[in-house]
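Here's query_12.cif, which has mmCIF, C-alpha atoms and all ligand atoms:
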data_coords
#
loop_
_atom_site.label_atom_id
_atom_site.label_comp_id
_atom_site.auth_asym_id
_atom_site.auth_seq_id
_atom_site.Cartn_x
_atom_site.Cartn_y
_atom_site.Cartn_z
CA MET A 1 -8.23 15.12 19.43
CA GLN A 2 -8.93 11.46 18.80
CA ILE A 3 -8.84 9.67 15.47
CA ALA A 4 -12.32 9.07 14.08
CA GLU A 5 -14.14 9.00 10.76
CA ASN A 6 -13.22 11.87 8.43
CA MET A 7 -10.24 13.09 10.42
CA ALA A 8 -7.05 14.08 8.60
CA VAL A 9 -4.35 12.06 10.32
CA SER A 10 -0.57 12.56 9.97
CA ILE A 11 1.67 9.70 11.03
CA HIS A 12 5.29 8.76 10.93
CA TYR A 13 5.76 5.05 10.47
CA THR A 14 8.39 2.41 9.99
CA LEU A 15 7.24 -0.77 8.33
CA THR A 16 9.11 -4.04 8.92
CA ASN A 17 8.58 -7.69 8.07
CA ASP A 18 8.97 -10.64 10.44
CA ASP A 19 12.73 -10.72 9.71
CA ASN A 20 12.95 -7.17 11.07
CA GLU A 21 13.88 -5.83 7.64
CA ILE A 22 12.68 -2.28 7.00
CA ILE A 23 10.33 -2.28 4.01
CA ASP A 24 9.30 1.35 4.14
CA SER A 25 9.58 4.34 6.45
CA SER A 26 8.43 7.95 6.53
CA ILE A 27 11.02 8.99 9.12
CA ASP A 28 13.36 10.81 6.73
CA SER A 29 10.57 12.50 4.82
CA GLU A 30 7.16 14.10 5.34
CA PRO A 31 4.66 12.28 7.54
CA LEU A 32 2.00 10.27 5.75
CA VAL A 33 -1.31 12.15 5.79
CA TYR A 34 -4.51 10.23 5.16
CA LEU A 35 -8.28 10.58 5.54
CA HIS A 36 -9.41 8.21 8.29
CA GLY A 37 -12.27 5.82 7.61
CA ASN A 38 -12.00 5.86 3.82
CA GLY A 39 -9.75 2.91 3.09
CA ASN A 40 -6.85 5.21 2.14
CA ILE A 41 -4.47 2.94 4.07
CA ILE A 42 -4.51 -0.79 4.74
CA SER A 43 -7.45 -1.87 6.88
CA GLY A 44 -5.43 -3.37 9.74
CA LEU A 45 -3.49 -0.15 10.26
CA GLU A 46 -6.58 2.03 10.01
CA GLU A 47 -8.26 -0.11 12.68
CA ALA A 48 -5.22 0.12 14.98
CA LEU A 49 -5.19 3.92 14.69
CA HIS A 50 -8.89 4.36 15.44
CA GLY A 51 -9.50 6.23 18.71
CA LYS A 52 -5.86 7.13 19.28
CA ALA A 53 -4.62 10.71 19.70
CA ALA A 54 -1.77 12.90 18.46
CA GLY A 55 1.48 12.18 20.28
CA GLU A 56 0.72 8.49 20.84
CA LYS A 57 3.23 5.88 19.70
CA PHE A 58 2.52 2.21 19.21
CA THR A 59 3.61 -0.86 17.33
CA VAL A 60 1.16 -3.20 15.63
CA ARG A 61 1.63 -6.44 13.69
CA ILE A 62 -0.95 -6.88 10.96
CA ALA A 63 -1.79 -10.24 9.42
CA ALA A 64 -1.46 -10.42 5.63
CA GLU A 65 -5.23 -10.66 5.14
CA HIS A 66 -5.64 -7.21 6.77
CA ALA A 67 -2.62 -5.78 4.95
CA TYR A 68 -2.05 -6.50 1.24
CA GLY A 69 -3.99 -9.76 1.22
CA GLU A 70 -3.08 -13.41 1.15
CA PHE A 71 -0.87 -14.66 -1.65
CA MET A 72 -3.16 -16.04 -4.37
CA GLU A 73 -1.81 -18.88 -6.47
CA GLU A 74 -4.41 -18.12 -9.15
CA ALA A 75 -2.86 -14.68 -9.65
CA VAL A 76 0.27 -16.40 -10.96
CA GLN A 77 -0.01 -17.34 -14.62
CA VAL A 78 2.19 -18.59 -17.40
CA ILE A 79 1.52 -16.78 -20.65
CA SER A 80 3.08 -16.80 -24.08
CA ARG A 81 5.71 -14.29 -25.14
CA ASP A 82 3.28 -13.34 -27.98
CA MET A 83 1.11 -11.60 -25.38
CA PHE A 84 3.85 -8.98 -24.91
CA GLU A 85 3.29 -7.37 -28.26
CA GLY A 86 5.36 -4.23 -28.67
CA VAL A 87 7.70 -4.99 -25.78
CA ASP A 88 11.22 -5.41 -27.11
CA GLU A 89 12.84 -7.13 -24.19
CA ILE A 90 11.09 -8.99 -21.39
CA GLU A 91 13.05 -9.36 -18.17
CA VAL A 92 12.40 -10.87 -14.78
CA GLY A 93 11.32 -8.08 -12.42
CA MET A 94 9.58 -6.03 -15.11
CA GLN A 95 6.31 -4.57 -13.93
CA PHE A 96 3.36 -3.30 -15.85
CA GLN A 97 -0.20 -2.13 -15.21
CA ALA A 98 -3.00 -4.51 -16.08
CA ASP A 99 -6.46 -5.50 -14.95
CA VAL A 100 -6.23 -8.24 -12.36
CA SER A 101 -9.08 -10.00 -10.52
CA SER A 102 -9.33 -7.21 -7.93
CA GLY A 103 -9.22 -4.37 -10.49
CA PRO A 104 -6.31 -2.42 -11.96
CA GLY A 105 -3.08 -3.68 -10.52
CA VAL A 106 0.58 -4.26 -11.10
CA ILE A 107 1.77 -7.44 -12.76
CA THR A 108 5.35 -8.57 -12.23
CA VAL A 109 7.32 -10.88 -14.51
CA THR A 110 8.76 -13.51 -12.16
CA HIS A 111 10.16 -16.21 -14.46
CA ILE A 112 11.06 -16.67 -18.12
CA GLU A 113 11.57 -19.99 -19.82
CA GLY A 114 11.78 -19.76 -23.59
CA ASP A 115 8.45 -18.35 -24.74
CA ASP A 116 6.75 -19.13 -21.44
CA ILE A 117 6.53 -16.02 -19.29
CA THR A 118 5.40 -16.36 -15.69
CA ILE A 119 3.53 -13.32 -14.41
CA ASP A 120 2.37 -12.60 -10.87
CA GLY A 121 -0.56 -10.27 -10.16
CA ASN A 122 -0.13 -10.45 -6.38
CA HIS A 123 0.90 -7.28 -4.58
CA PRO A 124 4.62 -7.58 -3.76
CA LEU A 125 3.63 -7.64 -0.06
CA ALA A 126 0.80 -10.18 -0.46
CA GLY A 127 1.09 -12.94 2.12
CA VAL A 128 3.47 -10.88 4.25
CA PRO A 129 2.50 -9.97 7.84
CA LEU A 130 3.53 -6.36 8.45
CA THR A 131 4.67 -4.64 11.62
CA PHE A 132 4.17 -0.89 11.81
CA ALA A 133 5.88 1.30 14.41
CA VAL A 134 3.70 4.39 14.37
CA GLU A 135 3.86 7.86 15.87
CA ILE A 136 0.77 10.00 15.46
CA VAL A 137 1.94 13.49 14.53
CA GLU A 138 -1.28 15.40 14.01
CA VAL A 139 -5.03 14.84 14.01
CA ARG A 140 -7.44 17.43 12.62
CA PRO A 141 -10.94 17.42 11.16
CA ALA A 142 -10.81 17.09 7.38
CA THR A 143 -12.32 19.91 5.32
CA PRO A 144 -15.69 19.31 3.60
CA GLU A 145 -13.83 19.35 0.28
CA GLU A 146 -11.39 16.68 1.43
CA ILE A 147 -14.26 14.54 2.70
CA SER A 148 -16.12 14.86 -0.59
CA HIS A 149 -12.97 13.88 -2.51
CA GLY A 150 -12.19 11.00 -0.18
CA HIS A 151 -8.57 12.09 0.32
CA ILE A 152 -6.47 14.76 1.99
CA HIS A 153 -5.26 17.89 0.21
CA GLY A 154 -1.84 19.35 0.74
CA HIS A 155 1.58 18.51 -0.58
CA GLY A 156 1.33 17.27 -4.12
CA CYS A 157 -2.39 17.78 -4.51
CA ASP A 158 -2.99 20.19 -7.40
CA HIS A 159 -6.75 20.35 -7.68
CA HIS A 160 -7.81 22.68 -4.86
ZN ZN B 1 -8.99 16.15 -3.99
#
Entire entry expressed as structure tokens:
Amino acid sequence: MQIAENMAVSIHYTLTNDDNEIIDSSIDSEPLVYLHGNGNIISGLEEALHGKAAGEKFTVRIAAEHAYGEFMEEAVQVISRDMFEGVDEIEVGMQFQADVSSGPGVITVTHIEGDDITIDGNHPLAGVPLTFAVEIVEVRPATPEEISHGHIHGHGCDHH
């Protein structure tokens, strides 16, 4: 069965950067299951999987713009410590949810100088080309309910 729109696809993957450092991998856990054609995974990977079948293995390098996007300078801002009302201690590396230009996202504190706090709304992998080594484990048609929800049901989904 080939991967097409509205198929439930299970893959094992290992994600590396250009320095061959492993960023993420499913190998020691459950395969990733996603609904194909719905933007559940990054666009470059979804495109590479299209038309392939269970049992196939491949490696694909995806440019940043088709992964987590280019690094945007304008997403880096210096704000005043006053903006962190109710936060006792601000540290480099702290992350919090906020609305960024592309919608809700994660902001990371990257630098602190006195009362000037530098925050970065880029995804931690923005600007990073990603290489995925993929093995397609299973391909099945999604259920009508999964298609209407836009995601796959199974492990960890409690609204059947
Ligand atoms: Zn659902």
(message) Using Å and a single decimal, report how far CA of Phe58 in chain A sits from CA of Glu21 in chain A.
(response) 18.1 Å
Cut-off 6 Å: closest chain A/ligand ZN 1 (chain B) atom pairs per residue, using all atoms listed in the file, as a Markdown table:
| residue | atom | partner | partner_atom | distance |
| --- | --- | --- | --- | --- |
| A:Glu146 | CA | B:ZN1 | ZN | 6.0 |
| A:His149 | CA | B:ZN1 | ZN | 4.8 |
| A:His151 | CA | B:ZN1 | ZN | 5.9 |
| A:His153 | CA | B:ZN1 | ZN | 5.9 |
Save the residues we just selected, C-alpha atoms, as a compact mmCIF listing (two decimals), in the frame of the given file?
# COMPACT_ATOMS: atom_id res chain seq x y z
CA GLU A 146 -11.39 16.68 1.43
CA HIS A 149 -12.97 13.88 -2.51
CA HIS A 151 -8.57 12.09 0.32
CA HIS A 153 -5.26 17.89 0.21
(request) For Thr118 in chain A, list every protein, DNA or RNA residue within 7 Å, evaluated using only C-alpha atoms, and leave out those in the same chain fewer than 4 positions away; present the list as a ChimeraX atom specification. (result) /A:76-79,109-112
Env of Ala75 in chain A: 7 Å cut, atoms = all atoms listed in the file, seq-sep filter 4 positions within chain, self excluded. Answer as a compact mmCIF listing (two decimals) with C-alpha atoms, in the coordinates of the input.
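Below you can see part37.txt, which holds the result:
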# COMPACT_ATOMS: atom_id res chain seq x y z
CA ASP A 120 2.37 -12.60 -10.87
CA GLY A 121 -0.56 -10.27 -10.16
CA ASN A 122 -0.13 -10.45 -6.38
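In terms of minimum interatomic distance to Pro31 in chain A, A:Glu135 ranks closest within A:Asp82, A:Glu74, A:Glu135, A:Asp115, counting all atoms listed in the file.
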As a PDB file with C-alpha atoms, keeping the file's coordinate frame, please: the residues near Gln97 in chain A (cut-off 10 Å, all atoms listed in the file, same-chain neighbours under 4 positions excluded).
ATOM      1  CA  PRO A 104      -6.310  -2.420 -11.960  1.00  0.00           C
ATOM      2  CA  GLY A 105      -3.080  -3.680 -10.520  1.00  0.00           C
ATOM      3  CA  VAL A 106       0.580  -4.260 -11.100  1.00  0.00           C
ATOM      4  CA  ILE A 107       1.770  -7.440 -12.760  1.00  0.00           C
ATOM      5  CA  THR A 108       5.350  -8.570 -12.230  1.00  0.00           C
ATOM      6  CA  GLY A 121      -0.560 -10.270 -10.160  1.00  0.00           C
TER       7      GLY A 121
END
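Here CA of Asn38 in chain A stands at a distance of 9.0 Å from CA of Ile147 in chain A.
We find CA of Lys52 in chain A and CA of Val134 in chain A to be spaced 11.1 Å apart.
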Please identify all polymer residues within 10 Å of Thr131 in chain A, counting only C-alpha atoms, omitting same-chain residues fewer than 3 positions from it, and present them as a PDB file with C-alpha atoms, in the frame of the given file.
ATOM      1  CA  TYR A  13       5.760   5.050  10.470  1.00  0.00           C
ATOM      2  CA  THR A  14       8.390   2.410   9.990  1.00  0.00           C
ATOM      3  CA  LEU A  15       7.240  -0.770   8.330  1.00  0.00           C
ATOM      4  CA  THR A  16       9.110  -4.040   8.920  1.00  0.00           C
ATOM      5  CA  ASN A  17       8.580  -7.690   8.070  1.00  0.00           C
ATOM      6  CA  ASP A  18       8.970 -10.640  10.440  1.00  0.00           C
ATOM      7  CA  ASN A  20      12.950  -7.170  11.070  1.00  0.00           C
ATOM      8  CA  ILE A  22      12.680  -2.280   7.000  1.00  0.00           C
ATOM      9  CA  ILE A  23      10.330  -2.280   4.010  1.00  0.00           C
ATOM     10  CA  LEU A  45      -3.490  -0.150  10.260  1.00  0.00           C
ATOM     11  CA  THR A  59       3.610  -0.860  17.330  1.00  0.00           C
ATOM     12  CA  VAL A  60       1.160  -3.200  15.630  1.00  0.00           C
ATOM     13  CA  ARG A  61       1.630  -6.440  13.690  1.00  0.00           C
ATOM     14  CA  ILE A  62      -0.950  -6.880  10.960  1.00  0.00           C
ATOM     15  CA  ALA A  63      -1.790 -10.240   9.420  1.00  0.00           C
ATOM     16  CA  ALA A  67      -2.620  -5.780   4.950  1.00  0.00           C
ATOM     17  CA  VAL A 128       3.470 -10.880   4.250  1.00  0.00           C
ATOM     18  CA  VAL A 134       3.700   4.390  14.370  1.00  0.00           C
TER      19      VAL A 134
END
(request) Would you list the residues near (-3.1, 12.0, 10.9), meaning any protein, DNA or RNA residue with an atom at most 12 Å from that point in file coordinates, counting all atoms listed in the file, as a ChimeraX atom specification? (result) /A:1-13,30-37,40-41,46,49-56,134-142,151-152
(message) Restricting the calculation to only C-alpha atoms: of A:Pro129, A:Gly154, A:Gly114, A:Pro144, which residue gets closest to Glu91 in chain A?
(response) A:Gly114
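Protein and nucleic acid residues near (-3.4, -8.7, 2.8) are Ile42, Ser43, Gly44, Ile62, Ala63, Ala64, Glu65, His66, Ala67, Tyr68, Gly69, Glu70, Phe71, Asn122, His123, Leu125, Ala126, Gly127, Val128, Pro129 and Leu130 of chain A, the criterion being any atom at most 10 Å away using all atoms listed in the file.
Counting only C-alpha atoms and comparing A:Ile117, A:Ser148, A:Gly39, A:Met94, the residue that lies closest to Ser80 in chain A is A:Ile117.
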